[in-house]
$ cat start16.csv   # CSV, C-alpha atoms
chain,number,residue,atom,x,y,z
A,1,MET,CA,-71.0,-0.3,-29.0
A,2,ALA,CA,-70.1,2.6,-26.8
A,3,THR,CA,-67.9,5.3,-28.2
A,4,ARG,CA,-64.4,5.2,-26.8
A,5,THR,CA,-63.0,8.2,-25.0
A,6,ARG,CA,-60.1,10.2,-26.4
A,7,THR,CA,-57.7,8.8,-23.7
A,8,GLN,CA,-58.6,5.2,-24.6
A,9,ARG,CA,-58.0,5.9,-28.4
A,10,GLU,CA,-54.6,7.5,-27.7
A,11,ALA,CA,-53.6,4.6,-25.5
A,12,ALA,CA,-54.6,2.1,-28.3
A,13,ALA,CA,-52.8,4.1,-31.0
A,14,PRO,CA,-49.5,2.5,-32.3
A,15,PRO,CA,-46.3,4.1,-31.1
A,16,ASP,CA,-44.7,6.8,-33.2
A,17,HIS,CA,-41.2,5.4,-33.9
A,18,HIS,CA,-40.1,8.8,-35.4
A,19,ALA,CA,-40.8,10.8,-32.3
A,20,GLY,CA,-38.3,11.2,-29.5
A,21,ARG,CA,-38.3,8.3,-27.0
A,22,GLU,CA,-37.1,8.3,-23.4
A,23,VAL,CA,-34.8,5.5,-22.3
A,24,PRO,CA,-36.7,3.2,-19.9
A,25,PRO,CA,-35.3,3.4,-16.3
A,26,GLY,CA,-34.0,-0.2,-16.4
A,27,ASP,CA,-32.2,0.3,-19.8
A,28,SER,CA,-28.7,1.4,-18.9
A,29,ARG,CA,-26.5,2.6,-21.8
A,30,ARG,CA,-22.9,1.7,-21.2
A,31,LEU,CA,-19.9,2.1,-23.5
A,32,ASP,CA,-18.7,-1.1,-24.9
A,33,PRO,CA,-15.1,-1.8,-23.7
A,34,ALA,CA,-14.1,-3.1,-27.1
A,35,LEU,CA,-15.4,0.1,-28.7
A,36,LEU,CA,-13.5,2.2,-26.2
A,37,PHE,CA,-10.3,0.3,-26.8
A,38,THR,CA,-10.7,0.7,-30.6
A,39,LEU,CA,-11.3,4.5,-30.2
A,40,VAL,CA,-8.1,4.8,-28.1
A,41,LEU,CA,-6.1,2.9,-30.8
A,42,LEU,CA,-7.5,5.1,-33.5
A,43,THR,CA,-6.7,8.2,-31.6
A,44,ALA,CA,-3.2,7.0,-31.0
A,45,VAL,CA,-2.7,6.3,-34.7
A,46,MET,CA,-4.1,9.7,-35.7
A,47,PHE,CA,-1.7,11.5,-33.3
A,48,GLN,CA,1.2,9.2,-33.6
A,49,ASP,CA,3.6,11.8,-34.8
A,50,PRO,CA,3.1,14.2,-31.9
A,51,VAL,CA,3.2,11.3,-29.5
A,52,ARG,CA,6.4,10.0,-31.0
A,53,GLY,CA,7.9,13.4,-30.8
A,54,ALA,CA,7.0,13.8,-27.1
A,55,LEU,CA,8.4,10.3,-26.2
A,56,ALA,CA,11.6,11.2,-28.0
A,57,SER,CA,12.3,14.2,-25.8
A,58,PRO,CA,15.1,13.9,-23.2
A,59,ALA,CA,12.6,14.3,-20.3
A,60,ALA,CA,10.3,11.5,-21.5
A,61,GLN,CA,13.3,9.2,-22.1
A,62,SER,CA,14.6,9.9,-18.6
A,63,TRP,CA,11.1,9.3,-17.2
A,64,MET,CA,10.7,5.9,-19.0
A,65,THR,CA,14.2,4.8,-17.9
A,66,VAL,CA,13.6,5.4,-14.2
A,67,PHE,CA,10.1,3.9,-14.4
A,68,VAL,CA,11.1,0.7,-16.1
A,69,ALA,CA,14.2,0.3,-13.9
A,70,VAL,CA,12.2,0.6,-10.7
A,71,VAL,CA,9.5,-1.8,-11.8
A,72,VAL,CA,11.8,-4.4,-13.2
A,73,GLN,CA,14.1,-4.4,-10.1
A,74,ALA,CA,11.2,-4.5,-7.6
A,75,LEU,CA,8.8,-7.0,-9.3
A,76,PRO,CA,10.6,-10.3,-8.4
A,77,PHE,CA,10.8,-9.3,-4.7
A,78,LEU,CA,7.1,-8.1,-4.8
A,79,VAL,CA,6.0,-11.5,-6.1
A,80,LEU,CA,8.1,-13.5,-3.7
A,81,GLY,CA,6.9,-11.4,-0.7
A,82,VAL,CA,3.3,-11.9,-1.7
A,83,LEU,CA,3.7,-15.6,-2.0
A,84,LEU,CA,5.4,-15.9,1.4
A,85,SER,CA,3.0,-13.6,3.2
A,86,ALA,CA,0.0,-15.5,1.8
A,87,ALA,CA,1.5,-18.8,2.9
A,88,ILE,CA,2.1,-17.5,6.4
A,89,ALA,CA,-1.3,-15.9,6.7
A,90,VAL,CA,-3.2,-18.9,5.5
A,91,PHE,CA,-1.3,-22.0,6.6
A,92,VAL,CA,0.3,-20.9,9.9
A,93,PRO,CA,-2.5,-21.1,12.6
A,94,PRO,CA,-2.8,-18.1,14.9
A,95,SER,CA,-2.6,-20.4,17.9
A,96,PHE,CA,1.1,-20.9,17.0
A,97,PHE,CA,1.9,-17.3,18.0
A,98,VAL,CA,-0.1,-17.6,21.2
A,99,ARG,CA,2.1,-20.5,22.3
A,100,ALA,CA,5.3,-18.9,21.1
A,101,LEU,CA,5.0,-15.6,22.8
A,102,PRO,CA,5.7,-14.9,26.5
A,103,ARG,CA,2.7,-14.4,28.7
A,104,ARG,CA,4.0,-11.0,30.0
A,105,PRO,CA,3.2,-8.3,27.5
A,106,ALA,CA,6.4,-6.3,28.3
A,107,LEU,CA,8.4,-9.4,27.1
A,108,ALA,CA,6.0,-10.4,24.4
A,109,VAL,CA,6.4,-7.0,22.6
A,110,PRO,CA,10.1,-7.4,21.6
A,111,VAL,CA,9.6,-11.1,20.8
A,112,ALA,CA,6.7,-10.3,18.5
A,113,GLY,CA,8.7,-7.5,16.9
A,114,ALA,CA,11.7,-9.9,16.3
A,115,ALA,CA,9.3,-12.5,14.9
A,116,GLY,CA,8.7,-10.1,12.0
A,117,ALA,CA,12.3,-10.7,10.9
A,118,VAL,CA,11.6,-14.4,10.2
A,119,LEU,CA,8.0,-14.3,9.1
A,120,PRO,CA,7.7,-12.5,5.7
A,121,GLY,CA,4.7,-10.5,5.0
A,122,CYS,CA,3.7,-7.2,3.4
A,123,GLU,CA,1.8,-4.5,5.2
A,124,CYS,CA,-1.5,-5.5,3.5
A,125,ALA,CA,-1.2,-9.0,5.1
A,126,SER,CA,0.1,-7.9,8.5
A,127,VAL,CA,-3.1,-6.1,9.4
A,128,PRO,CA,-5.4,-9.1,9.2
A,129,VAL,CA,-2.8,-11.4,10.8
A,130,ALA,CA,-2.5,-8.9,13.7
A,131,GLY,CA,-6.3,-8.9,14.0
A,132,ALA,CA,-6.3,-12.7,14.1
A,133,LEU,CA,-3.7,-12.6,16.9
A,134,VAL,CA,-5.8,-10.3,19.0
A,135,ARG,CA,-8.8,-12.4,18.4
A,136,ARG,CA,-6.9,-15.6,19.6
A,137,GLY,CA,-5.8,-14.0,22.9
A,138,VAL,CA,-2.4,-12.5,22.1
A,139,ALA,CA,-1.7,-9.2,24.0
A,140,PRO,CA,-2.7,-6.3,21.8
A,141,ALA,CA,0.7,-4.6,22.5
A,142,ALA,CA,2.5,-7.7,21.1
A,143,ALA,CA,0.1,-8.0,18.1
A,144,LEU,CA,0.7,-4.3,17.2
A,145,ALA,CA,4.5,-4.7,17.4
A,146,PHE,CA,4.2,-7.6,15.0
A,147,LEU,CA,1.9,-5.6,12.7
A,148,LEU,CA,4.6,-2.8,12.4
A,149,SER,CA,7.7,-5.0,12.2
A,150,ALA,CA,6.6,-7.8,9.9
A,151,PRO,CA,6.4,-5.7,6.7
A,152,ALA,CA,9.6,-3.7,7.6
A,153,VAL,CA,12.2,-6.2,8.8
A,154,ASN,CA,11.4,-9.5,7.1
A,155,PRO,CA,14.0,-11.2,4.9
A,156,VAL,CA,12.5,-10.3,1.6
A,157,VAL,CA,12.4,-6.6,2.4
A,158,LEU,CA,15.9,-6.6,3.8
A,159,THR,CA,17.3,-8.5,0.7
A,160,ALA,CA,15.5,-6.1,-1.6
A,161,THR,CA,17.1,-3.2,0.3
A,162,ALA,CA,20.6,-4.8,-0.1
A,163,VAL,CA,20.0,-5.1,-3.8
A,164,ALA,CA,18.7,-1.6,-4.1
A,165,PHE,CA,21.7,-0.1,-2.2
A,166,PRO,CA,24.6,-2.2,-3.3
A,167,ASP,CA,27.1,0.5,-2.4
A,168,ARG,CA,25.6,1.3,1.0
A,169,PRO,CA,25.3,-1.9,3.0
A,170,GLY,CA,24.7,0.1,6.2
A,171,MET,CA,21.3,1.0,4.9
A,172,VAL,CA,20.1,-2.6,5.5
A,173,LEU,CA,21.2,-2.6,9.2
A,174,ALA,CA,19.9,1.0,9.7
A,175,ARG,CA,16.5,0.0,8.3
A,176,PHE,CA,16.3,-3.1,10.5
A,177,VAL,CA,17.3,-1.2,13.7
A,178,ALA,CA,15.1,1.8,13.2
A,179,SER,CA,12.1,-0.3,12.2
A,180,LEU,CA,12.4,-2.7,15.1
A,181,LEU,CA,12.9,0.1,17.6
A,182,THR,CA,9.8,1.9,16.3
A,183,ALA,CA,7.7,-1.3,16.4
A,184,CYS,CA,8.8,-2.2,20.0
A,185,ALA,CA,8.3,1.4,21.2
A,186,MET,CA,4.8,1.5,19.8
A,187,GLY,CA,4.0,-1.8,21.5
A,188,TRP,CA,5.2,-0.6,24.8
A,189,LEU,CA,3.5,2.7,24.4
A,190,TRP,CA,0.2,1.0,23.8
A,191,GLN,CA,0.8,-1.3,26.8
A,192,CYS,CA,1.2,1.8,29.0
A,193,LEU,CA,-1.3,4.3,27.5
A,194,GLY,CA,-3.6,2.3,25.3
A,195,ARG,CA,-7.2,1.8,26.2
A,196,ALA,CA,-9.2,-1.3,25.4
A,197,ASP,CA,-12.3,0.6,24.3
A,198,ARG,CA,-10.3,2.2,21.5
A,199,LEU,CA,-9.2,-1.2,20.0
A,200,ARG,CA,-12.0,-3.0,18.3
A,201,PRO,CA,-10.9,-6.6,17.6
A,202,PRO,CA,-12.2,-8.1,14.4
A,203,SER,CA,-15.3,-10.3,14.9
A,204,ARG,CA,-14.6,-12.9,12.2
A,205,PRO,CA,-11.7,-14.8,10.7
A,206,SER,CA,-9.8,-12.9,8.0
A,207,TYR,CA,-10.0,-15.7,5.5
A,208,GLY,CA,-13.4,-17.1,6.3
A,209,ALA,CA,-14.2,-20.8,5.8
A,210,ARG,CA,-12.5,-21.1,2.5
A,211,GLY,CA,-10.1,-24.1,1.9
A,212,GLY,CA,-6.4,-23.7,2.3
A,213,GLY,CA,-5.6,-23.7,-1.4
A,214,ALA,CA,-8.5,-21.4,-2.3
A,215,ALA,CA,-7.6,-19.0,0.5
A,216,PHE,CA,-3.9,-19.0,-0.5
A,217,TRP,CA,-4.5,-18.1,-4.1
A,218,GLY,CA,-7.2,-15.6,-3.2
A,219,SER,CA,-4.8,-13.9,-0.9
A,220,VAL,CA,-2.1,-14.0,-3.6
A,221,ARG,CA,-4.4,-12.4,-6.2
A,222,HIS,CA,-5.6,-9.8,-3.8
A,223,ASP,CA,-2.0,-8.8,-2.7
A,224,VAL,CA,-0.6,-8.9,-6.2
A,225,THR,CA,-3.3,-6.6,-7.5
A,226,HIS,CA,-3.1,-4.1,-4.7
A,227,ALA,CA,0.7,-4.2,-4.2
A,228,GLY,CA,1.4,-4.2,-8.0
A,229,GLY,CA,-0.8,-1.1,-8.4
A,230,PHE,CA,1.0,0.7,-5.6
A,231,LEU,CA,4.3,-0.2,-7.1
A,232,VAL,CA,3.3,1.3,-10.4
A,233,VAL,CA,2.1,4.5,-8.6
A,234,GLY,CA,5.4,4.7,-6.7
A,235,ALA,CA,7.5,4.1,-9.8
A,236,THR,CA,5.5,6.8,-11.6
A,237,ALA,CA,6.0,9.3,-8.8
A,238,ALA,CA,9.7,8.5,-8.6
A,239,ALA,CA,10.2,8.9,-12.3
A,240,THR,CA,8.2,12.1,-12.4
A,241,LEU,CA,10.3,13.5,-9.5
A,242,LYS,CA,13.4,12.5,-11.4
A,243,ALA,CA,12.5,13.8,-14.8
A,244,LEU,CA,10.1,16.7,-14.5
A,245,VAL,CA,10.5,18.4,-11.1
A,246,PRO,CA,13.2,21.1,-11.4
A,247,ALA,CA,16.4,20.0,-9.7
A,248,ARG,CA,16.6,23.2,-7.7
A,249,TRP,CA,13.3,22.4,-6.0
A,250,LEU,CA,14.4,19.0,-4.8
A,251,SER,CA,17.8,20.4,-3.9
A,252,ALA,CA,16.2,23.1,-1.8
A,253,ALA,CA,14.5,20.3,0.3
A,254,ALA,CA,17.3,17.8,0.0
A,255,ASP,CA,20.0,20.2,1.2
A,256,HIS,CA,18.1,20.9,4.5
A,257,PRO,CA,18.8,18.1,7.0
A,258,VAL,CA,15.5,18.3,8.8
A,259,LEU,CA,13.2,19.3,5.9
A,260,SER,CA,14.5,16.5,3.7
A,261,VAL,CA,13.6,13.9,6.3
A,262,LEU,CA,10.1,15.3,6.7
A,263,VAL,CA,9.6,15.6,3.0
A,264,LEU,CA,10.4,11.9,2.3
A,265,ALA,CA,8.5,10.8,5.3
A,266,ALA,CA,5.4,12.6,4.0
A,267,LEU,CA,6.1,11.2,0.5
A,268,ALA,CA,6.1,7.6,1.9
A,269,VAL,CA,2.7,8.2,3.6
A,270,VAL,CA,1.2,9.5,0.4
A,271,LEU,CA,2.7,7.0,-2.1
A,272,SER,CA,1.7,3.9,-0.1
A,273,ILE,CA,4.3,1.7,-1.8
A,274,CYS,CA,4.5,-2.0,-0.9
A,275,SER,CA,7.4,-2.7,1.4
A,276,GLU,CA,8.9,-5.2,-1.0
A,277,ALA,CA,9.3,-2.5,-3.6
A,278,ASP,CA,9.9,0.8,-1.7
A,279,ALA,CA,13.7,0.3,-1.5
A,280,PHE,CA,14.1,0.7,-5.2
A,281,VAL,CA,12.1,3.9,-5.2
A,282,ALA,CA,14.2,5.3,-2.3
A,283,ALA,CA,17.4,4.3,-4.2
A,284,SER,CA,16.3,6.4,-7.1
A,285,LEU,CA,16.0,9.6,-5.0
A,286,THR,CA,19.7,10.2,-5.1
A,287,GLN,CA,19.5,13.9,-4.3
A,288,PHE,CA,18.3,13.2,-0.8
A,289,SER,CA,20.6,12.2,2.1
A,290,PRO,CA,20.8,8.6,3.3
A,291,THR,CA,19.0,9.5,6.5
A,292,ALA,CA,16.1,11.0,4.6
A,293,ARG,CA,15.9,7.9,2.4
A,294,LEU,CA,16.0,5.8,5.6
A,295,ALA,CA,13.0,7.7,6.9
A,296,PHE,CA,11.2,6.9,3.6
A,297,LEU,CA,11.9,3.2,4.2
A,298,VAL,CA,10.9,3.1,7.8
A,299,VAL,CA,7.8,5.2,7.6
A,300,GLY,CA,6.3,3.6,4.5
A,301,PRO,CA,5.6,0.1,5.8
A,302,MET,CA,4.2,1.4,9.0
A,303,VAL,CA,2.2,4.5,8.1
A,304,ASP,CA,0.6,5.2,4.8
A,305,LEU,CA,-2.9,5.9,3.4
A,306,LYS,CA,-3.8,2.3,2.6
A,307,LEU,CA,-2.6,1.1,6.0
A,308,PHE,CA,-4.7,3.7,7.7
A,309,ALA,CA,-7.8,2.5,5.9
A,310,LEU,CA,-6.9,-1.1,6.7
A,311,GLN,CA,-6.3,-0.4,10.4
A,312,ALA,CA,-9.5,1.7,10.7
A,313,GLY,CA,-11.5,-1.1,9.1
A,314,THR,CA,-9.9,-3.8,11.3
A,315,PHE,CA,-9.5,-2.2,14.7
A,316,GLY,CA,-11.8,0.8,14.4
A,317,ARG,CA,-11.4,4.5,13.4
A,318,ALA,CA,-10.8,5.7,17.0
A,319,PHE,CA,-7.8,3.4,17.1
A,320,ALA,CA,-6.3,4.4,13.7
A,321,LEU,CA,-6.7,8.1,14.4
A,322,ARG,CA,-4.4,7.8,17.4
A,323,PHE,CA,-2.1,4.9,16.4
A,324,ALA,CA,-1.0,6.3,13.0
A,325,PRO,CA,0.2,9.8,14.1
A,326,ALA,CA,2.1,8.3,17.1
A,327,THR,CA,3.7,5.7,14.8
A,328,LEU,CA,4.7,8.4,12.3
A,329,ALA,CA,6.3,10.5,15.0
A,330,LEU,CA,8.3,7.6,16.4
A,331,ALA,CA,9.3,6.4,13.0
A,332,VAL,CA,10.7,9.8,12.0
A,333,LEU,CA,12.5,10.1,15.3
A,334,PHE,CA,14.2,6.7,15.3
A,335,SER,CA,15.0,7.1,11.6
A,336,ALA,CA,16.9,10.4,12.3
A,337,LEU,CA,18.7,8.9,15.3
A,338,THR,CA,19.6,5.7,13.6
A,339,GLY,CA,20.7,7.5,10.4
A,340,ALA,CA,22.9,9.8,12.5
A,341,VAL,CA,24.7,6.9,14.1
A,342,LEU,CA,24.8,4.2,11.3
A,343,LEU,CA,24.8,6.2,8.1

$ encode --input "start16.csv" --output "structure tokens"
Amino acid sequence: MATRTRTQREAAAPPDHHAGREVPPGDSRRLDPALLFTLVLLTAVMFQDPVRGALASPAAQSWMTVFVAVVVQALPFLVLGVLLSAAIAVFVPPSFFVRALPRRPALAVPVAGAAGAVLPGCECASVPVAGALVRRGVAPAAALAFLLSAPAVNPVVLTATAVAFPDRPGMVLARFVASLLTACAMGWLWQCLGRADRLRPPSRPSYGARGGGAAFWGSVRHDVTHAGGFLVVGATAAATLKALVPARWLSAAADHPVLSVLVLAALAVVLSICSEADAFVAASLTQFSPTARLAFLVVGPMVDLKLFALQAGTFGRAFALRFAPATLALAVLFSALTGAVLL
């Protein structure tokens, strides 16, 4: 029998279990969620005294009070708005809007904007609905007016605003007027200056071929998850501003008429709060003027980070890069003018 080479003998030798071994490429080592949860609980128990002391401080108590108040007040309106918007988006055929709107775009824009007052929907749902309208033959100017007005002037949002501002009923009217003016102005502006090559209509239905019930509950789960997360982020930011940011900083911005409007408009863009819940966050910013808080309410449902991503994904990035800044400028302008007259 031929003598085996050294390489063959080493290959046939049993593996050394005591030597260091490399993890095979396909063997992924992930931390068990149950173990992670247990570690978090043990850490909380070990440091319970410092945590309890921190939560007992006046700043932490103020933070928790504002956070819980905003979430508890806004949650019922958020759920109701999600249910209604899902029903509209799934069960109302887009052909209905084609028949209901005037054929002339200049007249269809205000009609589509006013339709947002009777067709509830959050901003997450208004983008795919507007895309379906464009795909079914509705004039883009009218579809864009509906996209901006539906999450801003629908009954759920206006009711939530009335509840959030019980001592200032003019805020409801001011929000309706400023939002509707902005939506119509953007529709007419697109009709005059918009270019077809910068608007990319979606190529497929938003809800696919799923059945009505499955599409409805799928839309509800999606909107609750996204809108609920943004509500928590907004409530956290409002509570943090209230409890931790020095009052003199906010007062410096709030006391300046122009700066206060710009600050809250920028805050609305960054926070990306669902329109069913933003009124309660705005109501908690008591150091700012009514006009500045109106700008927060008008800008938020029309221009924010998540809406920019949705618009870019639905109509194209070239469209979103032009549409969002123009909408922001008009929203701030009409908020300031409406606030000066009505508030």

$ atom_distance --input "start16.csv" --atom1 "CA of Phe334 in chain A" --atom2 "CA of Pro110 in chain A"
16.0 Å

$ closest_residue --input "start16.csv" --among "A:Leu342, A:Val92, A:Val109, A:Ala174" --to "Leu294 in chain A" --atoms "only C-alpha atoms"
A:Ala174

$ closest_residue --input "start16.csv" --among "A:Gln287, A:Thr161, A:Thr327, A:Ser272" --to "Ala145 in chain A" --atoms "all atoms listed in the file"
A:Thr327

$ atom_distance --input "start16.csv" --atom1 "CA of Val172 in chain A" --atom2 "CA of Val156 in chain A"
11.5 Å

$ residues_near_point --input "start16.csv" --point "(16.1, 10.8, 12.2)" --cutoff "12 Å" --atoms "only C-alpha atoms" --output "PyMOL selection string"
chain A and resi 174-175+178-179+182+257-262+264-265+289-299+328-343

$ atom_distance --input "start16.csv" --atom1 "CA of Ser219 in chain A" --atom2 "CA of Ala86 in chain A"
5.7 Å

$ residues_around --input "start16.csv" --residues "Ala100 in chain A" --least-positions-apart "5" --cutoff "10 Å" --atoms "all atoms listed in the file" --output "list of chain:residue names"
A:Ser95, A:Ala108, A:Val111, A:Ala112, A:Ala115

$ closest_residue --input "start16.csv" --among "A:Pro151, A:Gly170, A:Trp190, A:Asp255" --to "Val303 in chain A" --atoms "only C-alpha atoms"
A:Pro151

$ closest_atom_pairs --input "start16.csv" --of "range 111-179 of chain A" --to "range 185-188 of chain A" --cutoff "10 Å" --atoms "only C-alpha atoms" --output "Markdown table"
| residue | atom | partner | partner_atom | distance |
| --- | --- | --- | --- | --- |
| A:Ala112 | CA | A:Gly187 | CA | 9.4 |
| A:Gly113 | CA | A:Gly187 | CA | 8.7 |
| A:Ala139 | CA | A:Gly187 | CA | 9.7 |
| A:Pro140 | CA | A:Gly187 | CA | 8.1 |
| A:Ala141 | CA | A:Gly187 | CA | 4.4 |
| A:Ala142 | CA | A:Gly187 | CA | 6.1 |
| A:Ala143 | CA | A:Gly187 | CA | 8.1 |
| A:Leu144 | CA | A:Gly187 | CA | 6.0 |
| A:Ala145 | CA | A:Gly187 | CA | 5.0 |
| A:Phe146 | CA | A:Gly187 | CA | 8.7 |
| A:Leu147 | CA | A:Gly187 | CA | 9.8 |
| A:Leu148 | CA | A:Met186 | CA | 8.6 |
| A:Ser179 | CA | A:Ala185 | CA | 9.9 |

$ closest_residue --input "start16.csv" --among "A:Asp167, A:Leu101, A:Ala106, A:Val157" --to "Leu133 in chain A" --atoms "only C-alpha atoms"
A:Leu101
